[in-house]
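Data block for data_31.tsv (TSV, C-alpha atoms):
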```tsv
chain	number	residue	atom	x	y	z
A	1	MET	CA	13.72	157.01	-200.36
A	2	ARG	CA	10.97	156.45	-202.94
A	3	ALA	CA	13.48	156.42	-205.81
A	4	ARG	CA	15.48	153.71	-204.04
A	5	VAL	CA	12.37	151.56	-203.58
A	6	VAL	CA	11.52	151.94	-207.24
A	7	LEU	CA	15.08	150.97	-208.20
A	8	ILE	CA	15.02	147.90	-205.96
A	9	SER	CA	11.67	146.88	-207.42
A	10	ALA	CA	13.01	147.26	-210.94
A	11	VAL	CA	16.07	145.16	-210.14
A	12	ALA	CA	13.88	142.45	-208.57
A	13	ALA	CA	11.63	142.42	-211.61
A	14	LEU	CA	14.66	142.13	-213.90
A	15	LEU	CA	16.07	139.22	-211.85
A	16	ALA	CA	12.70	137.49	-211.95
A	17	ALA	CA	12.59	137.87	-215.72
A	18	VAL	CA	16.11	136.47	-216.05
A	19	ILE	CA	15.16	133.46	-213.91
A	20	VAL	CA	12.08	132.79	-216.04
A	21	VAL	CA	14.14	132.97	-219.23
A	22	ALA	CA	16.82	130.71	-217.76
A	23	VAL	CA	14.26	128.11	-216.73
A	24	ALA	CA	12.67	128.23	-220.18
A	25	VAL	CA	16.08	127.72	-221.82
A	26	LEU	CA	16.83	124.77	-219.57
A	27	VAL	CA	13.49	123.19	-220.46
A	28	LEU	CA	14.21	123.63	-224.15
A	29	LEU	CA	17.71	122.20	-223.83
A	30	ARG	CA	16.68	119.28	-221.63
A	31	PRO	CA	16.57	116.01	-223.60
A	32	ALA	CA	12.96	115.21	-224.41
A	33	GLY	CA	11.52	112.34	-222.45
A	34	ASP	CA	13.95	112.43	-219.51
A	35	ALA	CA	11.09	113.21	-217.14
A	36	ALA	CA	9.72	109.68	-217.59
A	37	PRO	CA	10.64	107.34	-214.72
A	38	LEU	CA	13.29	104.70	-215.21
A	39	GLU	CA	12.66	101.03	-214.50
A	40	ALA	CA	14.73	97.89	-214.91
A	41	ASP	CA	13.77	95.71	-217.86
A	42	GLU	CA	14.86	92.12	-218.50
A	43	ASP	CA	15.38	92.68	-222.23
A	44	PHE	CA	16.55	96.29	-222.49
A	45	GLY	CA	18.21	97.11	-219.17
A	46	ASP	CA	16.84	100.44	-217.98
A	47	VAL	CA	13.73	101.70	-219.77
A	48	ARG	CA	11.77	104.92	-219.70
A	49	VAL	CA	8.15	104.26	-218.79
A	50	TYR	CA	5.36	106.36	-220.26
A	51	GLU	CA	1.70	106.16	-219.37
A	52	ILE	CA	-0.76	106.37	-222.26
A	53	SER	CA	-3.30	109.15	-221.98
A	54	LEU	CA	-6.97	108.89	-222.89
A	55	ASP	CA	-6.18	110.34	-226.30
A	56	GLY	CA	-3.53	107.69	-226.98
A	57	ALA	CA	-0.41	109.80	-226.37
A	58	PRO	CA	2.58	108.83	-224.20
A	59	VAL	CA	2.96	110.95	-221.04
A	60	PRO	CA	5.35	112.68	-220.54
A	61	GLU	CA	6.30	113.46	-224.13
A	62	PRO	CA	9.03	111.04	-225.33
A	63	GLY	CA	12.18	111.91	-227.21
A	64	THR	CA	12.25	112.04	-231.00
A	65	ASP	CA	13.08	108.40	-231.73
A	66	ALA	CA	10.72	107.03	-229.11
A	67	GLN	CA	7.92	109.23	-230.39
A	68	ARG	CA	8.55	108.11	-233.97
A	69	VAL	CA	8.30	104.45	-232.96
A	70	TRP	CA	5.10	105.13	-231.05
A	71	ASP	CA	3.57	107.04	-233.97
A	72	LEU	CA	4.31	104.14	-236.30
A	73	PHE	CA	2.76	101.67	-233.86
A	74	VAL	CA	-0.37	103.84	-233.73
A	75	ARG	CA	-0.58	103.71	-237.53
A	76	VAL	CA	-0.38	99.92	-237.36
A	77	ALA	CA	-2.80	99.47	-234.47
A	78	THR	CA	-5.02	102.55	-235.12
A	79	PRO	CA	-5.37	105.68	-232.93
A	80	ALA	CA	-8.62	104.33	-231.46
A	81	PHE	CA	-6.89	101.15	-230.27
A	82	ALA	CA	-3.99	103.13	-228.79
A	83	ALA	CA	-6.41	105.31	-226.84
A	84	GLU	CA	-8.66	102.50	-225.65
A	85	ALA	CA	-6.35	99.53	-225.11
A	86	MET	CA	-2.77	100.73	-224.54
A	87	SER	CA	-1.81	101.58	-220.98
A	88	GLU	CA	1.98	101.83	-221.04
A	89	TYR	CA	4.91	102.42	-223.38
A	90	ARG	CA	8.37	101.27	-222.28
A	91	VAL	CA	11.41	102.55	-224.16
A	92	GLY	CA	14.90	101.13	-223.99
A	93	ASP	CA	18.08	101.78	-225.94
A	94	ALA	CA	19.96	98.48	-226.01
A	95	PRO	CA	22.02	97.93	-229.17
A	96	ASP	CA	23.40	94.66	-227.78
A	97	SER	CA	19.92	93.16	-227.36
A	98	ASP	CA	18.42	91.17	-230.23
A	99	THR	CA	14.92	92.01	-228.96
A	100	MET	CA	13.43	94.86	-230.94
A	101	ALA	CA	10.04	95.10	-229.23
A	102	TYR	CA	7.52	93.13	-227.23
A	103	VAL	CA	3.95	93.45	-226.01
A	104	HIS	CA	2.19	91.98	-223.03
A	105	ARG	CA	-1.21	92.13	-221.42
A	106	ASP	CA	-1.49	94.18	-218.25
A	107	ASP	CA	-3.14	93.07	-215.02
A	108	ASP	CA	-6.34	94.29	-216.65
A	109	PRO	CA	-6.52	91.82	-219.58
A	110	ASN	CA	-8.19	94.47	-221.74
A	111	LEU	CA	-5.06	96.64	-221.64
A	112	TRP	CA	-1.63	96.24	-223.23
A	113	THR	CA	1.94	97.46	-222.86
A	114	LEU	CA	4.31	98.05	-225.76
A	115	ALA	CA	8.06	97.99	-225.16
A	116	ALA	CA	10.43	99.16	-227.90
A	117	ASN	CA	14.20	99.18	-228.34
A	118	ILE	CA	15.02	102.49	-230.03
A	119	ALA	CA	18.48	101.22	-230.89
A	120	TYR	CA	16.71	99.92	-234.02
A	121	ALA	CA	14.66	103.06	-234.66
A	122	ASP	CA	16.64	104.11	-237.75
A	123	ASP	CA	15.82	100.89	-239.66
A	124	GLU	CA	12.28	101.71	-240.78
A	125	ASP	CA	11.64	98.47	-242.70
A	126	LEU	CA	12.69	96.42	-239.70
A	127	LEU	CA	10.64	98.64	-237.43
A	128	VAL	CA	7.52	98.26	-239.58
A	129	SER	CA	7.79	94.47	-239.71
A	130	THR	CA	8.48	94.26	-235.97
A	131	LEU	CA	5.49	96.39	-234.98
A	132	ILE	CA	3.21	94.41	-237.30
A	133	HIS	CA	4.49	91.23	-235.63
A	134	GLU	CA	3.68	92.66	-232.20
A	135	TYR	CA	0.25	93.74	-233.35
A	136	GLY	CA	-0.29	90.17	-234.55
A	137	HIS	CA	0.22	89.04	-230.95
A	138	ILE	CA	-2.36	91.55	-229.76
A	139	LEU	CA	-4.90	90.44	-232.38
A	140	SER	CA	-4.51	86.78	-231.44
A	141	LEU	CA	-4.40	87.18	-227.66
A	142	GLY	CA	-7.44	89.26	-226.83
A	143	VAL	CA	-9.69	88.45	-223.88
A	144	ALA	CA	-11.94	86.36	-226.13
A	145	ASP	CA	-8.90	84.39	-227.33
A	146	ALA	CA	-7.22	83.48	-224.04
A	147	ASP	CA	-8.95	83.30	-220.65
A	148	PRO	CA	-6.65	84.16	-217.73
A	149	ASP	CA	-9.27	83.01	-215.20
A	150	ALA	CA	-10.03	79.57	-216.64
A	151	ASP	CA	-10.20	76.76	-214.06
A	152	ASP	CA	-9.15	74.11	-216.54
A	153	CYS	CA	-8.13	74.06	-220.17
A	154	ALA	CA	-9.12	71.71	-223.00
A	155	THR	CA	-6.74	73.39	-225.49
A	156	PHE	CA	-3.42	74.71	-224.15
A	157	TRP	CA	-2.15	77.29	-221.71
A	158	ILE	CA	-0.04	80.33	-222.52
A	159	ASP	CA	0.99	83.26	-220.34
A	160	GLU	CA	-2.26	85.05	-221.18
A	161	GLY	CA	-4.43	82.10	-220.09
A	162	CYS	CA	-6.25	79.18	-221.63
A	163	VAL	CA	-6.46	79.53	-225.41
A	164	ALA	CA	-10.05	79.52	-226.63
A	165	ALA	CA	-11.10	76.70	-228.95
A	166	SER	CA	-12.73	79.35	-231.16
A	167	SER	CA	-9.54	81.43	-231.49
A	168	ALA	CA	-7.46	81.87	-234.62
A	169	LEU	CA	-4.39	80.85	-232.63
A	170	PHE	CA	-5.87	77.49	-231.72
A	171	ALA	CA	-6.97	76.92	-235.33
A	172	PHE	CA	-3.43	77.73	-236.46
A	173	ASP	CA	-2.01	75.28	-233.93
A	174	GLU	CA	-4.38	72.53	-235.04
A	175	ALA	CA	-3.69	73.15	-238.72
A	176	PHE	CA	0.10	73.24	-238.51
A	177	TRP	CA	1.71	72.59	-235.14
A	178	VAL	CA	0.00	69.36	-234.10
A	179	ALA	CA	1.83	67.64	-236.95
A	180	TYR	CA	5.21	68.48	-235.40
A	181	GLY	CA	4.45	66.17	-232.47
A	182	ASP	CA	7.03	65.92	-229.71
A	183	LEU	CA	9.53	67.97	-231.70
A	184	ALA	CA	7.36	71.08	-231.32
A	185	PRO	CA	8.36	73.44	-228.48
A	186	GLY	CA	5.54	74.19	-226.05
A	187	PRO	CA	3.45	77.31	-226.71
A	188	ASP	CA	5.24	79.24	-223.96
A	189	ASP	CA	8.69	77.71	-224.57
A	190	THR	CA	11.21	80.36	-225.60
A	191	ASP	CA	14.31	78.16	-225.49
A	192	ALA	CA	16.32	78.94	-228.61
A	193	GLU	CA	17.67	75.41	-228.99
A	194	SER	CA	14.19	73.89	-229.14
A	195	GLY	CA	13.19	76.29	-231.90
A	196	GLU	CA	16.41	75.68	-233.80
A	197	ALA	CA	15.83	71.94	-233.77
A	198	LEU	CA	12.33	72.36	-235.19
A	199	PHE	CA	13.52	74.80	-237.84
A	200	GLU	CA	16.31	72.47	-238.92
A	201	ALA	CA	13.81	69.62	-239.26
A	202	TYR	CA	11.24	71.70	-241.20
A	203	PRO	CA	13.08	74.66	-242.79
A	204	ASP	CA	10.43	75.13	-245.49
A	205	ASP	CA	7.60	75.48	-242.97
A	206	PHE	CA	8.56	78.84	-241.48
A	207	VAL	CA	8.84	82.42	-242.71
A	208	SER	CA	11.88	82.84	-240.42
A	209	ASP	CA	13.92	80.78	-238.00
A	210	TYR	CA	12.40	82.80	-235.15
A	211	ALA	CA	8.94	81.57	-236.17
A	212	ALA	CA	9.94	78.09	-235.03
A	213	THR	CA	10.28	79.30	-231.43
A	214	ASN	CA	6.71	78.32	-230.59
A	215	VAL	CA	3.23	78.47	-232.09
A	216	VAL	CA	2.58	81.96	-230.68
A	217	GLU	CA	5.66	83.39	-232.43
A	218	ASP	CA	4.95	81.44	-235.61
A	219	PHE	CA	1.48	82.97	-235.71
A	220	ALA	CA	2.84	86.52	-235.32
A	221	GLU	CA	5.71	86.03	-237.79
A	222	THR	CA	3.38	84.52	-240.38
A	223	PHE	CA	0.86	87.33	-239.82
A	224	GLN	CA	3.65	89.82	-240.50
A	225	ALA	CA	4.42	88.09	-243.82
A	226	PHE	CA	0.71	87.96	-244.64
A	227	VAL	CA	0.43	91.73	-244.21
A	228	LEU	CA	3.61	92.75	-246.03
A	229	GLU	CA	3.76	90.24	-248.87
A	230	ASP	CA	1.53	89.46	-251.85
A	231	GLU	CA	-0.85	86.52	-251.67
A	232	PRO	CA	1.22	83.41	-252.42
A	233	ALA	CA	0.43	80.39	-254.54
A	234	ALA	CA	-0.31	77.27	-252.50
A	235	ASP	CA	2.95	75.61	-253.47
A	236	SER	CA	4.81	75.23	-250.16
A	237	PRO	CA	4.18	74.61	-246.45
A	238	VAL	CA	5.02	78.22	-245.56
A	239	ALA	CA	2.63	79.43	-248.26
A	240	GLU	CA	-0.12	77.33	-246.68
A	241	LYS	CA	0.52	79.07	-243.37
A	242	ILE	CA	0.25	82.49	-244.99
A	243	LEU	CA	-2.90	81.46	-246.85
A	244	PHE	CA	-4.42	80.50	-243.48
A	245	PHE	CA	-4.87	84.23	-242.85
A	246	TRP	CA	-6.39	84.82	-246.26
A	247	ASP	CA	-9.30	82.63	-245.13
A	248	LEU	CA	-10.00	84.91	-242.14
A	249	PRO	CA	-12.01	87.95	-243.32
A	250	ASP	CA	-11.26	90.01	-240.20
A	251	TYR	CA	-7.54	89.54	-240.71
A	252	VAL	CA	-7.82	90.37	-244.41
A	253	ASP	CA	-9.54	93.64	-243.46
A	254	VAL	CA	-6.72	94.42	-241.00
A	255	ARG	CA	-4.14	93.68	-243.70
A	256	GLU	CA	-5.74	96.06	-246.16
A	257	ARG	CA	-6.11	98.79	-243.55
A	258	ILE	CA	-2.46	98.55	-242.45
A	259	ARG	CA	-1.15	98.50	-246.03
A	260	THR	CA	-3.29	101.54	-246.85
A	261	ASP	CA	-2.26	103.46	-243.73
A	262	LEU	CA	1.42	102.70	-244.35
A	263	ASP	CA	1.11	103.24	-248.12
A	264	TRP	CA	2.60	99.75	-248.53
A	265	ARG	CA	1.97	98.59	-252.10
```
What do you get writing this file as structure tokens?
Amino acid sequence: MRARVVLISAVAALLAAVIVVAVAVLVLLRPAGDAAPLEADEDFGDVRVYEISLDGAPVPEPGTDAQRVWDLFVRVATPAFAAEAMSEYRVGDAPDSDTMAYVHRDDDPNLWTLAANIAYADDEDLLVSTLIHEYGHILSLGVADADPDADDCATFWIDEGCVAASSALFAFDEAFWVAYGDLAPGPDDTDAESGEALFEAYPDDFVSDYAATNVVEDFAETFQAFVLEDEPAADSPVAEKILFFWDLPDYVDVRERIRTDLDWR
């Protein structure tokens, strides 16, 4: 009787070990990141949604491409910023979408969400320029730059609130966009035809046709060129826009830090 009990116990222990091994194999074979919840997204269709931990890491762990995009964003924005100011990371895979990434403030205006389209993850140059563009939005749309709780606004409204008169974005608008008059799309206008009309009228004023979408996108696109390109001579309207950033010491410091961190020389 005792021998039979011992045998049964041994068989049970063996089965338990097999189950543990099988579970471990399934975990290893499971595609990384599939534990993240799915949500519908206007730009990317379904996206995986990751919360950002206090140490700046997406939770649960994303797949390889999504992690690579996040790591590059952290190099652009700094690990400290990712830990303190990023609350969510949304990952889509939409090769038919022309949107590569976007950022937006959360309900808490001190926190941000990054969304990325990993269909473009293999194009590192495009990825670098896109993430710098998105970081330009973050730099120009902090709580001190746009007040979501303003009762009235002497400058102009955007989705993030009333733009502060002391902000770099308002200075950029005053320096360049006021001159476009009624032809200029509104600061929250994303209609492609409006931007195309402005670009066709002033093709030498913009670093890209997308920059003509509105002043917010022009700021971010020009910031991207400011970071990635050498200081230009003041010999064209687009050069004047890039030189705008060279007169802002905080932005110059950001440029040098990003170029150093990315080894971009």
As number ranges by chain, please: the residues near A:Asp122 (cut-off 12 Å, all atoms listed in the file, same-chain neighbours under 4 positions excluded). A: 64-66, 68-69, 95, 100, 117-118, 126-128
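The environment of A:Phe44 within 9 Å, counting all atoms listed in the file and disregarding residues fewer than 4 places along the same chain, consists of Ala40, Val91, Gly92, Asp93, Ala94, Pro95, Asp96, Ser97, Thr99, Ala116 and Asn117 of chain A.
If only C-alpha atoms are the atoms counted, then among A:Leu114, A:Leu248, A:Val215, A:Val254 the closest residue to A:Val178 is A:Val215.
The space separating atom CA of A:Asp151 from atom CA of A:Ser166 comes to 17.5 Å.
Across the model, the gap from atom CA of A:Ala119 to atom CA of A:Trp70 is 13.9 Å.
Residues in contact range of stretch 229-240 of chain A, defined as at most 8 Å between only C-alpha atoms, with sequence neighbours fewer than 4 positions away removed, read Asp204, Asp205, Phe206, Val207, Ala225, Phe244 and Trp246 of chain A.
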With only C-alpha atoms as the counted atoms, please give the residues lying no more than 6 Å from A:Arg48, apart from itself and same-chain residues fewer than 3 positions off, as a list in words. Ala36, Pro37, Leu38, Arg90 and Val91 of chain A
Would you pick out the contacts of A:Asp173 at 9 Å or less, using all atoms listed in the file, so that residues sharing its chain but fewer than 4 positions from it are not included, and give the list as a PyMOL selection string? chain A and resi 168-169+177-178+215-216+219
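Interatomic distance, atom CA of A:Glu61 to atom CA of A:Pro79: 16.6 Å.
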First collect every listed atom of stretch 177-183 of chain A; then fit an axis-aligned box around them, widen it by 8 Å on each side, and give centre and edge lengths in Å to one decimal, as AutoDock Vina command-line options.
```
--center_x 4.8 --center_y 69.3 --center_z -233.3 --size_x 25.5 --size_y 22.7 --size_z 23.2
```
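Each of A:Leu228, A:Ala121, A:Val49, A:Val163 was compared to A:Glu256 using only C-alpha atoms, and A:Leu228 turns out to be the nearest.
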Report the closest atom pair, with its distance in Å rounded to one decimal, for each residue of stretch 135-199 of chain A that has an atom no farther than 8 Å from stretch 102-106 of chain A; count all atoms listed in the file, sort by chain and then rising residue number, and write it as JSON lines.
```
{"residue": "A:His137", "atom": "CA", "partner": "A:Val103", "partner_atom": "CA", "distance": 7.6}
{"residue": "A:Ile138", "atom": "CA", "partner": "A:Val103", "partner_atom": "CA", "distance": 7.6}
{"residue": "A:Glu160", "atom": "CA", "partner": "A:Arg105", "partner_atom": "CA", "distance": 7.2}
```
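Counting all atoms listed in the file and comparing A:Glu174, A:Asp125, A:Asp145, A:Asp46, the residue that lies closest to A:Trp264 is A:Asp125.
When all atoms listed in the file are used to compute distances to A:Asp41, the closest of the residues A:Ala115, A:Ala82, A:Asn214, A:Asp209 turns out to be A:Ala115.
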Give as a ChimeraX atom specification each residue that has an atom at most 12 Å from (8.1, 79.5, -223.5) in the file, counting all atoms listed in the file. /A:157-160,184-195,212-217
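For the choices A:Pro249, A:Pro148, A:Gly56, A:Gly63, the atom-to-atom distance to A:Glu88 is smallest for A:Gly56 when using all atoms listed in the file.
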